[in-house]
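For reference, the structure discussed in these notes is given below.
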4 protein chains.
Amino acid sequence: MSDLSPRRTRRAGGARRALVLDHVVAVLADRGYAGTRFIDVAEASGVAVSTLQGYFGSREDMLIEAFRHATSVAVVAMDELAAQVDDPWQQLVAMVDRGLSTDVATWRMLMEFWTAAAHDAELREHAAALAEQYREPFIDGVRRGIESGAFTPRFDTAAIVEAVVANIVGLLYPVVLGHLAPQDTDYRDVVLAQLAFALTSQER
Amino acid sequence: MSDLSPRRTRRAGGARRALVLDHVVAVLADRGYAGTRFIDVAEASGVAVSTLQGYFGSREDMLIEAFRHATSVAVVAMDELAAQVDDPWQQLVAMVDRGLSTDVATWRMLMEFWTAAAHDAELREHAAALAEQYREPFIDGVRRGIESGAFTPRFDTAAIVEAVVANIVGLLYPVVLGHLAPQDTDYRDVVLAQLAFALTSQER
Amino acid sequence: MSDLSPRRTRRAGGARRALVLDHVVAVLADRGYAGTRFIDVAEASGVAVSTLQGYFGSREDMLIEAFRHATSVAVVAMDELAAQVDDPWQQLVAMVDRGLSTDVATWRMLMEFWTAAAHDAELREHAAALAEQYREPFIDGVRRGIESGAFTPRFDTAAIVEAVVANIVGLLYPVVLGHLAPQDTDYRDVVLAQLAFALTSQER
Amino acid sequence: MSDLSPRRTRRAGGARRALVLDHVVAVLADRGYAGTRFIDVAEASGVAVSTLQGYFGSREDMLIEAFRHATSVAVVAMDELAAQVDDPWQQLVAMVDRGLSTDVATWRMLMEFWTAAAHDAELREHAAALAEQYREPFIDGVRRGIESGAFTPRFDTAAIVEAVVANIVGLLYPVVLGHLAPQDTDYRDVVLAQLAFALTSQER
DNA sequence: AATGAATGAGCGTTCATTCAT
DNA sequence: AATGAATGAACGCTCATTCAT
C-alpha cells in the first residue's frame, strides 16, 4: 500500500497550521491550482503571507500539502464506509452511492489535484497512490463476493472495478461544469444494474 | 444544436494563424492553461510574441480560440464517424472504440479545457455545447436502434448514454496520469457488454 | 524675426497631407502631446498608420509639424487683425478682445505645445519665435501710439506689453480647466482700463 | 474651503515614503507627467520600482499624490505669508512679490499638473480647489482693504483678483521656456501700479 | 504612393520570496 | 513565532517602426 502521509513532519504552526490547510483547500477549489496565490489564502484564513511561508515553505509546498490533506480525508472516509458494511454487494452499493453523491467542492478539489498532477511528477506519484487506495475497497468487495460465491463475474475484476470507478469519476466534469445534477436516480440504476450484470454470469 | 464556431471572424494572420493554433493546442496540453505563456507559443511556433498578440488579441483570447479549434475538430471527427456506420449497434461500438482509443494528447487538451472552464464562464458555455454535441450521436444511435426494434432498453436513453460516456471520459485521468494503458481489451469488453445489457430487455 | 516655416519641404502626401494636419492638431488638443499615438490620428483622419509615417517620418516629427502649422495660423490671424486697424488704441483693444476670446480648443493646443516645448529644445526655439511674433503687433501698437503722442506711458513698453499679454495668456488654465467662462466683461474692463492707465501719464 | 488632503491615508512607507514624494515632484518637473516612469523615480530616489508600487499603488496614483503634496505645500506657504502681514495693501504687495518670484521648478511642476488635469477629471477637481485656495488670500486682502476704507475699487473684486493672478500665472510659460528672466523690476512695477489703480477710485 | 503584416523595445503590474524586527 | 517591508524576476501588453507588396 502506498503512503499518503507527509514525508517529513513539520513543526511550524501546530494547530493553527491545520486550520489553515482547510482554507487552502477551499481556495484551491475556487481559484484553481495556478490561480491560488499566497494572498488569497492569507485573506481567506486571516494569516499573514509571510506566516504561511513560515508554515509551508513555498507556494507549491503549501498546495501539495493541501492536496495530501484533502485526498487523505476523502480516502479514509471511503475506507471507513467499506469497513462498516459486511455483505459484499451491499458494500459495493454503498460505495457507489457514496461516489455518486460526491459534492461539487470535492470534485473541484480533485479536478485541480489531478490536473496539477499531470504537470508535476511528485503530485503524480501521490495521485497513483490515491487511485490505488480508492479502488482497493472496490476490488476487495468484488473478491469477497467471488469467494463467498455471491458473484460469478463475467470479466476480470480489475476491468469491472475500472468500469464502475469510471462511472463515478466520469461525473466529475458534468457536475463541476453544471451540465448534470449531482444526483440522478436513473443514472444510479444504470450503474448498479450494469455492475450487477458484470458480476453475475448468465448461467446462474 | 449549439454553436461552436468563433463569434467573430478575425482576419489577421490567415493561413499562418491557423498553423499557429495547432502549436497553441500542443503547448496547452503540455504546460496547462495557466502555464501557457506567449513566449512558449512563440518558441514552439517560431512566431514573435507581438505577432501572436496581433493575431489573437490577448493571451486568454488565444487560449480560448485554441480550445474552440481543438474541440471542434474532435467533435466533427466523432460526427463523421457516426455518419459512416449505418447499423445502430455497430455505430455505438465504433464510437465507443473511438472514445476508448482517444490519445493522451487529446485527453490532456480536454482536461485543460474543462479545468479552465470550471473557472471561466465563457469557456463553460462552450463546454456545455461540446458536451451536448459529443452525446448527440450516441443518443441518435440508441434512438435509431429503439425505432428499428433492435434495442429494448431497460433504462432511460439519457442515463444509458451518460453511463457509456462516463465509461469513456472516466479514462481521462488514469490515462493522462499514466495509471492505465490507453487501450485495454478487457475494459472494452466490459463497457460494450454493459451497454448491450442496458439496451436489451431480458424478456426478449 | 524668427522663422516659423518648416525647415525642409516635404513632398509626400500633398493636399491629403495638409488635411491630415488639422486632424493631428485636433487629436493633440484632445489627448495631449504624449497621449497622441499614430493610431489616434489614423482613426481620426481615416489614413493608415504607415501612410502617416510616410508623410511625416516619425511620431515626433508629425506632432512638431502640427504645432508649427497651428501656431502659424494663429499668429498670422493676429497680424492680419493688427494690419486692419489704424488707430493705435483701437488696435490694442482689438487685439486684447481677440486674445480674450481665444477658444478653448486653441488654448488646449497652445497648452500642449508649450508643455511639450518645456521638454524639447527644438520646440522651445519655435516657442520663442512664436512669443516674439505674438508680442510684435502689441509692441508696434504701443510704439505708434507713443510716436503719435496718443500714449505717454508710465513704464517700459516691454513691461506694459508683457503685462497685457499675461492678462491674456493667464486665462489659459482657468478656461481650459473650466474654472472661468471664456468671456467675462468685467475682466475685459479691468484689463483695458489697466492698459490705458499704464499708457497714460497722470500729468496729462 | 475645498479639501486638498489625500482621500485615504496610506500607511505603507512612512517617513521613507514622504522623502520619495519630493523625488517624484522633481522628476515630474523634469520629465513631465507622461514621461515620468517608475524607473525614473526609482533611479532618482534609490528605491526599487516594486517598492514604489507598494507605496503608491499605481503609477498614476503616485503622480497624483505627488501633485497633491506639492500644491498643498505651495498653497500653505501663500496662506502663511498672508497671515503674517496686517496691512491689506502690504499683504497684496507681499503676495504679488511672492508670486512673481516663483521659481522655475515650481512653475514646471504646476505646468505639468495643470496640463495633466486638462486630461483627467480627478486632477481637474483638485485643480479647481487649488485655484480657489490660491485666490482666497487675494480676495481676502482686497475685501479687508475695502472695509477699512483703504481701497475704493473701480471694478469687481473678482475681476481685479483674476487680473493680478493672471499677471502672476501669465509668467509661467515665459519663465519655463526661458523667454523671460524670473524677476523683472519693471514688470513688478507695472503689475503693482495697475493693481493700485484698480483699487483706487479717481475721485479720492 | 499607400498599406497591412510583422516585430522588438519598453513599461506597468503581479507575485513569490528574503530580510529585519 | 509571527509579521510587515522591501525587492527582483517574469509576464502581458502597447506602440512605434520596418518591411514587403
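Just so we're on the same page: first chain in the C-alpha cells is A, next is B, and so on; residues restart at 1 for each chain, and ligands are numbered from 1 in the order they show up.
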Within 10 Å of chain B, which residues of chain F show up when using only C-alpha atoms (C1' of nucleotides), listed as an mmCIF file with all heavy atoms, in the first residue's frame?
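Once written, out-v8.cif looks like this:
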```cif
data_model
loop_
_atom_site.group_PDB
_atom_site.id
_atom_site.type_symbol
_atom_site.label_atom_id
_atom_site.label_comp_id
_atom_site.auth_asym_id
_atom_site.auth_seq_id
_atom_site.Cartn_x
_atom_site.Cartn_y
_atom_site.Cartn_z
ATOM 1 P P DC F 11 7.709 34.233 -17.602
ATOM 2 O OP1 DC F 11 7.490 32.784 -17.556
ATOM 3 O OP2 DC F 11 8.722 34.821 -18.499
ATOM 4 O "O5'" DC F 11 6.324 34.926 -17.923
ATOM 5 C "C5'" DC F 11 5.345 35.068 -16.892
ATOM 6 C "C4'" DC F 11 4.399 36.183 -17.265
ATOM 7 O "O4'" DC F 11 4.959 37.461 -16.880
ATOM 8 C "C3'" DC F 11 4.122 36.268 -18.759
ATOM 9 O "O3'" DC F 11 2.733 36.287 -18.980
ATOM 10 C "C2'" DC F 11 4.766 37.585 -19.192
ATOM 11 C "C1'" DC F 11 4.712 38.396 -17.904
ATOM 12 N N1 DC F 11 5.742 39.462 -17.836
ATOM 13 C C2 DC F 11 5.391 40.745 -17.400
ATOM 14 O O2 DC F 11 4.217 40.968 -17.073
ATOM 15 N N3 DC F 11 6.337 41.715 -17.340
ATOM 16 C C4 DC F 11 7.594 41.432 -17.696
ATOM 17 N N4 DC F 11 8.487 42.410 -17.618
ATOM 18 C C5 DC F 11 7.972 40.131 -18.145
ATOM 19 C C6 DC F 11 7.025 39.182 -18.194
ATOM 20 P P DG F 12 2.142 35.956 -20.403
ATOM 21 O OP1 DG F 12 1.348 34.724 -20.314
ATOM 22 O OP2 DG F 12 3.203 36.072 -21.424
ATOM 23 O "O5'" DG F 12 1.158 37.189 -20.570
ATOM 24 C "C5'" DG F 12 0.303 37.548 -19.485
ATOM 25 C "C4'" DG F 12 -0.185 38.966 -19.682
ATOM 26 O "O4'" DG F 12 0.912 39.886 -19.495
ATOM 27 C "C3'" DG F 12 -0.745 39.251 -21.078
ATOM 28 O "O3'" DG F 12 -1.921 40.040 -20.940
ATOM 29 C "C2'" DG F 12 0.391 39.989 -21.779
ATOM 30 C "C1'" DG F 12 1.079 40.701 -20.632
ATOM 31 N N9 DG F 12 2.518 40.896 -20.822
ATOM 32 C C8 DG F 12 3.430 39.956 -21.244
ATOM 33 N N7 DG F 12 4.656 40.409 -21.313
ATOM 34 C C5 DG F 12 4.551 41.730 -20.920
ATOM 35 C C6 DG F 12 5.544 42.740 -20.799
ATOM 36 O O6 DG F 12 6.756 42.649 -21.024
ATOM 37 N N1 DG F 12 5.007 43.946 -20.365
ATOM 38 C C2 DG F 12 3.684 44.160 -20.084
ATOM 39 N N2 DG F 12 3.345 45.394 -19.685
ATOM 40 N N3 DG F 12 2.736 43.235 -20.187
ATOM 41 C C4 DG F 12 3.245 42.048 -20.608
ATOM 42 P P DC F 13 -2.823 40.308 -22.180
ATOM 43 O OP1 DC F 13 -4.199 40.447 -21.692
ATOM 44 O OP2 DC F 13 -2.491 39.331 -23.243
ATOM 45 O "O5'" DC F 13 -2.321 41.742 -22.640
ATOM 46 C "C5'" DC F 13 -2.174 42.767 -21.661
ATOM 47 C "C4'" DC F 13 -1.425 43.941 -22.247
ATOM 48 O "O4'" DC F 13 -0.011 43.631 -22.294
ATOM 49 C "C3'" DC F 13 -1.809 44.313 -23.683
ATOM 50 O "O3'" DC F 13 -2.459 45.567 -23.636
ATOM 51 C "C2'" DC F 13 -0.472 44.374 -24.448
ATOM 52 C "C1'" DC F 13 0.559 44.385 -23.334
ATOM 53 N N1 DC F 13 1.867 43.766 -23.667
ATOM 54 C C2 DC F 13 3.027 44.545 -23.619
ATOM 55 O O2 DC F 13 2.945 45.736 -23.318
ATOM 56 N N3 DC F 13 4.220 43.976 -23.908
ATOM 57 C C4 DC F 13 4.279 42.682 -24.241
ATOM 58 N N4 DC F 13 5.483 42.161 -24.500
ATOM 59 C C5 DC F 13 3.102 41.863 -24.303
ATOM 60 C C6 DC F 13 1.920 42.446 -24.007
ATOM 61 P P DT F 14 -3.035 46.210 -24.990
ATOM 62 O OP1 DT F 14 -4.350 46.747 -24.642
ATOM 63 O OP2 DT F 14 -2.882 45.263 -26.109
ATOM 64 O "O5'" DT F 14 -2.045 47.438 -25.249
ATOM 65 C "C5'" DT F 14 -1.556 48.164 -24.130
ATOM 66 C "C4'" DT F 14 -0.549 49.196 -24.587
ATOM 67 O "O4'" DT F 14 0.739 48.565 -24.805
ATOM 68 C "C3'" DT F 14 -0.903 49.890 -25.909
ATOM 69 O "O3'" DT F 14 -0.579 51.269 -25.768
ATOM 70 C "C2'" DT F 14 -0.008 49.184 -26.938
ATOM 71 C "C1'" DT F 14 1.223 48.863 -26.100
ATOM 72 N N1 DT F 14 2.009 47.684 -26.531
ATOM 73 C C2 DT F 14 3.389 47.776 -26.581
ATOM 74 O O2 DT F 14 4.002 48.798 -26.296
ATOM 75 N N3 DT F 14 4.027 46.621 -26.968
ATOM 76 C C4 DT F 14 3.443 45.420 -27.303
ATOM 77 O O4 DT F 14 4.126 44.463 -27.633
ATOM 78 C C5 DT F 14 2.006 45.395 -27.236
ATOM 79 C C7 DT F 14 1.277 44.132 -27.589
ATOM 80 C C6 DT F 14 1.373 46.514 -26.850
#
```
Starting from chain B, keep only residues with some atom at most 6 Å from an atom of chain A, counting only C-alpha atoms, and report them as a list in words.
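Residues of chain B within 6 Å of chain A, counting only C-alpha atoms: Ala118, Ala159, Ala166, Asn167, Val169, Gly170, Leu177, Asp186, Tyr187 and Gln194 of chain B.
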Can those selected residues be exported to a file as a PDB file, in the first residue's frame so that it contains C-alpha atoms?
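The result, stored in result-v4.pdb:
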```pdb
ATOM      1  CA  ALA B 118     -14.554  25.487 -14.324  1.00  0.00           C
ATOM      2  CA  ALA B 159     -28.980   7.655 -18.423  1.00  0.00           C
ATOM      3  CA  ALA B 166     -18.694   8.269 -18.342  1.00  0.00           C
ATOM      4  CA  ASN B 167     -17.024   4.958 -19.155  1.00  0.00           C
ATOM      5  CA  VAL B 169     -14.340  10.076 -20.107  1.00  0.00           C
ATOM      6  CA  GLY B 170     -13.605   8.244 -16.863  1.00  0.00           C
ATOM      7  CA  LEU B 177      -1.686  10.281 -15.184  1.00  0.00           C
ATOM      8  CA  ASP B 186     -10.905  -6.304 -21.037  1.00  0.00           C
ATOM      9  CA  TYR B 187     -12.143  -2.833 -20.254  1.00  0.00           C
ATOM     10  CA  GLN B 194     -22.780  -3.492 -20.104  1.00  0.00           C
TER      11      GLN B 194
END
```
Compute the chain E side of the contact with chain C at 12 Å, counting only C-alpha atoms (C1' of nucleotides), and hand it back as a PyMOL selection string.
chain E and resi 1-5
Could you please take those selected residues and save all heavy atoms as a JSON list (two decimals), in the first residue's frame?
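After the write, result_23.json holds the following:
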```
[["chain", "number", "residue", "atom", "x", "y", "z"],
["E", 1, "DA", "P", 5.98, 58.80, -53.24],
["E", 1, "DA", "OP1", 6.62, 59.02, -54.54],
["E", 1, "DA", "OP2", 6.04, 59.71, -52.12],
["E", 1, "DA", "O5'", 4.48, 58.36, -53.50],
["E", 1, "DA", "C5'", 3.50, 59.12, -54.20],
["E", 1, "DA", "C4'", 2.15, 58.50, -53.92],
["E", 1, "DA", "O4'", 2.20, 57.09, -54.24],
["E", 1, "DA", "C3'", 1.70, 58.58, -52.47],
["E", 1, "DA", "O3'", 0.29, 58.71, -52.42],
["E", 1, "DA", "C2'", 2.17, 57.25, -51.88],
["E", 1, "DA", "C1'", 2.01, 56.31, -53.06],
["E", 1, "DA", "N9", 3.04, 55.25, -53.10],
["E", 1, "DA", "C8", 4.38, 55.41, -52.96],
["E", 1, "DA", "N7", 5.05, 54.29, -53.05],
["E", 1, "DA", "C5", 4.08, 53.33, -53.26],
["E", 1, "DA", "C6", 4.14, 51.94, -53.44],
["E", 1, "DA", "N6", 5.28, 51.25, -53.44],
["E", 1, "DA", "N1", 2.98, 51.28, -53.64],
["E", 1, "DA", "C2", 1.84, 51.99, -53.66],
["E", 1, "DA", "N3", 1.66, 53.30, -53.50],
["E", 1, "DA", "C4", 2.83, 53.91, -53.30],
["E", 2, "DA", "P", -0.48, 58.88, -51.00],
["E", 2, "DA", "OP1", -1.77, 59.56, -51.26],
["E", 2, "DA", "OP2", 0.49, 59.44, -50.04],
["E", 2, "DA", "O5'", -0.78, 57.38, -50.60],
["E", 2, "DA", "C5'", -1.64, 56.59, -51.41],
["E", 2, "DA", "C4'", -1.82, 55.23, -50.79],
["E", 2, "DA", "O4'", -0.63, 54.43, -51.01],
["E", 2, "DA", "C3'", -2.08, 55.23, -49.28],
["E", 2, "DA", "O3'", -3.30, 54.57, -49.03],
["E", 2, "DA", "C2'", -0.89, 54.49, -48.67],
["E", 2, "DA", "C1'", -0.40, 53.64, -49.86],
["E", 2, "DA", "N9", 1.03, 53.35, -49.83],
["E", 2, "DA", "C8", 2.06, 54.21, -49.59],
["E", 2, "DA", "N7", 3.25, 53.65, -49.65],
["E", 2, "DA", "C5", 2.99, 52.34, -49.95],
["E", 2, "DA", "C6", 3.82, 51.22, -50.15],
["E", 2, "DA", "N6", 5.14, 51.27, -50.09],
["E", 2, "DA", "N1", 3.23, 50.04, -50.45],
["E", 2, "DA", "C2", 1.88, 49.99, -50.52],
["E", 2, "DA", "N3", 1.00, 50.98, -50.36],
["E", 2, "DA", "C4", 1.62, 52.13, -50.07],
["E", 3, "DT", "P", -3.90, 54.52, -47.51],
["E", 3, "DT", "OP1", -5.38, 54.51, -47.57],
["E", 3, "DT", "OP2", -3.20, 55.51, -46.67],
["E", 3, "DT", "O5'", -3.44, 53.05, -47.09],
["E", 3, "DT", "C5'", -3.83, 51.96, -47.92],
["E", 3, "DT", "C4'", -3.07, 50.71, -47.51],
["E", 3, "DT", "O4'", -1.66, 50.88, -47.77],
["E", 3, "DT", "C3'", -3.16, 50.36, -46.03],
["E", 3, "DT", "O3'", -4.00, 49.22, -45.91],
["E", 3, "DT", "C2'", -1.72, 50.07, -45.60],
["E", 3, "DT", "C1'", -1.00, 49.95, -46.93],
["E", 3, "DT", "N1", 0.42, 50.32, -46.87],
["E", 3, "DT", "C2", 1.37, 49.37, -47.16],
["E", 3, "DT", "O2", 1.09, 48.22, -47.47],
["E", 3, "DT", "N3", 2.67, 49.80, -47.08],
["E", 3, "DT", "C4", 3.10, 51.07, -46.74],
["E", 3, "DT", "O4", 4.29, 51.34, -46.70],
["E", 3, "DT", "C5", 2.06, 52.03, -46.45],
["E", 3, "DT", "C7", 2.41, 53.42, -46.07],
["E", 3, "DT", "C6", 0.79, 51.60, -46.53],
["E", 4, "DG", "P", -4.76, 48.92, -44.52],
["E", 4, "DG", "OP1", -6.20, 48.82, -44.81],
["E", 4, "DG", "OP2", -4.26, 49.83, -43.46],
["E", 4, "DG", "O5'", -4.19, 47.46, -44.23],
["E", 4, "DG", "C5'", -4.26, 46.49, -45.26],
["E", 4, "DG", "C4'", -3.25, 45.39, -45.01],
["E", 4, "DG", "O4'", -1.90, 45.94, -45.14],
["E", 4, "DG", "C3'", -3.32, 44.75, -43.62],
["E", 4, "DG", "O3'", -3.12, 43.35, -43.77],
["E", 4, "DG", "C2'", -2.17, 45.43, -42.86],
["E", 4, "DG", "C1'", -1.15, 45.63, -43.97],
["E", 4, "DG", "N9", -0.23, 46.74, -43.76],
["E", 4, "DG", "C8", -0.53, 48.01, -43.33],
["E", 4, "DG", "N7", 0.51, 48.80, -43.24],
["E", 4, "DG", "C5", 1.57, 48.00, -43.64],
["E", 4, "DG", "C6", 2.96, 48.30, -43.75],
["E", 4, "DG", "O6", 3.53, 49.37, -43.51],
["E", 4, "DG", "N1", 3.69, 47.20, -44.20],
["E", 4, "DG", "C2", 3.15, 45.98, -44.49],
["E", 4, "DG", "N2", 4.01, 45.03, -44.90],
["E", 4, "DG", "N3", 1.86, 45.67, -44.40],
["E", 4, "DG", "C4", 1.14, 46.73, -43.96],
["E", 5, "DA", "P", -3.24, 42.39, -42.48],
["E", 5, "DA", "OP1", -4.11, 41.26, -42.85],
["E", 5, "DA", "OP2", -3.58, 43.22, -41.30],
["E", 5, "DA", "O5'", -1.75, 41.87, -42.32],
["E", 5, "DA", "C5'", -0.99, 41.57, -43.49],
["E", 5, "DA", "C4'", 0.43, 41.20, -43.10],
["E", 5, "DA", "O4'", 1.23, 42.41, -42.96],
["E", 5, "DA", "C3'", 0.54, 40.46, -41.77],
["E", 5, "DA", "O3'", 1.50, 39.42, -41.90],
["E", 5, "DA", "C2'", 1.01, 41.53, -40.79],
["E", 5, "DA", "C1'", 1.84, 42.45, -41.68],
["E", 5, "DA", "N9", 1.84, 43.85, -41.26],
["E", 5, "DA", "C8", 0.76, 44.61, -40.91],
["E", 5, "DA", "N7", 1.06, 45.84, -40.59],
["E", 5, "DA", "C5", 2.44, 45.90, -40.74],
["E", 5, "DA", "C6", 3.37, 46.94, -40.56],
["E", 5, "DA", "N6", 3.05, 48.16, -40.16],
["E", 5, "DA", "N1", 4.68, 46.66, -40.80],
["E", 5, "DA", "C2", 5.00, 45.41, -41.21],
["E", 5, "DA", "N3", 4.21, 44.37, -41.42],
["E", 5, "DA", "C4", 2.92, 44.68, -41.17]]
```
Can you tell me which residues surround region 92-95 of chain D at a distance of at most 12 Å, considering only C-alpha atoms (C1' of nucleotides), apart from same-chain residues fewer than 2 positions away, and format the answer as a VMD selection string?
chain D and resid 75 77 to 90 97 to 102 134 to 145 151 160 to 161 164 to 165 168 188 to 189 191 to 196 199
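Within the 12 Å cut-off around DA9 (chain F), using only C-alpha atoms (C1' of nucleotides) and omitting residues fewer than 6 positions from it on the same chain, the listed residues are Ser50 of chain D; DT14, DC15, DA16 and DT17 of chain E.
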I need the chosen residues saved as a short mmCIF file (atom, residue, chain, number, x, y, z; two decimals), in the first residue's frame, with C-alpha atoms (C1' of nucleotides).
```cif
data_model
loop_
_atom_site.label_atom_id
_atom_site.label_comp_id
_atom_site.auth_asym_id
_atom_site.auth_seq_id
_atom_site.Cartn_x
_atom_site.Cartn_y
_atom_site.Cartn_z
CA SER D 50 8.24 47.47 -6.88
"C1'" DT E 14 1.80 40.91 -10.19
"C1'" DC E 15 3.69 37.92 -7.02
"C1'" DA E 16 6.81 34.81 -4.58
"C1'" DT E 17 10.48 35.38 -1.77
#
```
Report, in Å with one decimal, the straight-line distance from CA of Val104 (chain A) to CA of Ala74 (chain B).
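CA of Ala74 (chain B) lies 27.0 Å from CA of Val104 (chain A).
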For CA of Val41 (chain C) and C1' of DC11 (chain E), quote the distance in Å rounded to one decimal.
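These two atoms are separated by 22.5 Å.
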Atomic distance CA of Leu110 (chain C) - CA of Thr71 (chain C), expressed in Å with one decimal
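Between CA of Leu110 (chain C) and CA of Thr71 (chain C) the gap works out to 7.7 Å.
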Residues flagged alpha helix (DSSP H) by DSSP in region 85-173 of chain A, as a PyMOL selection string
chain A and resi 88-100+104-117+121-147+157-169+172-173
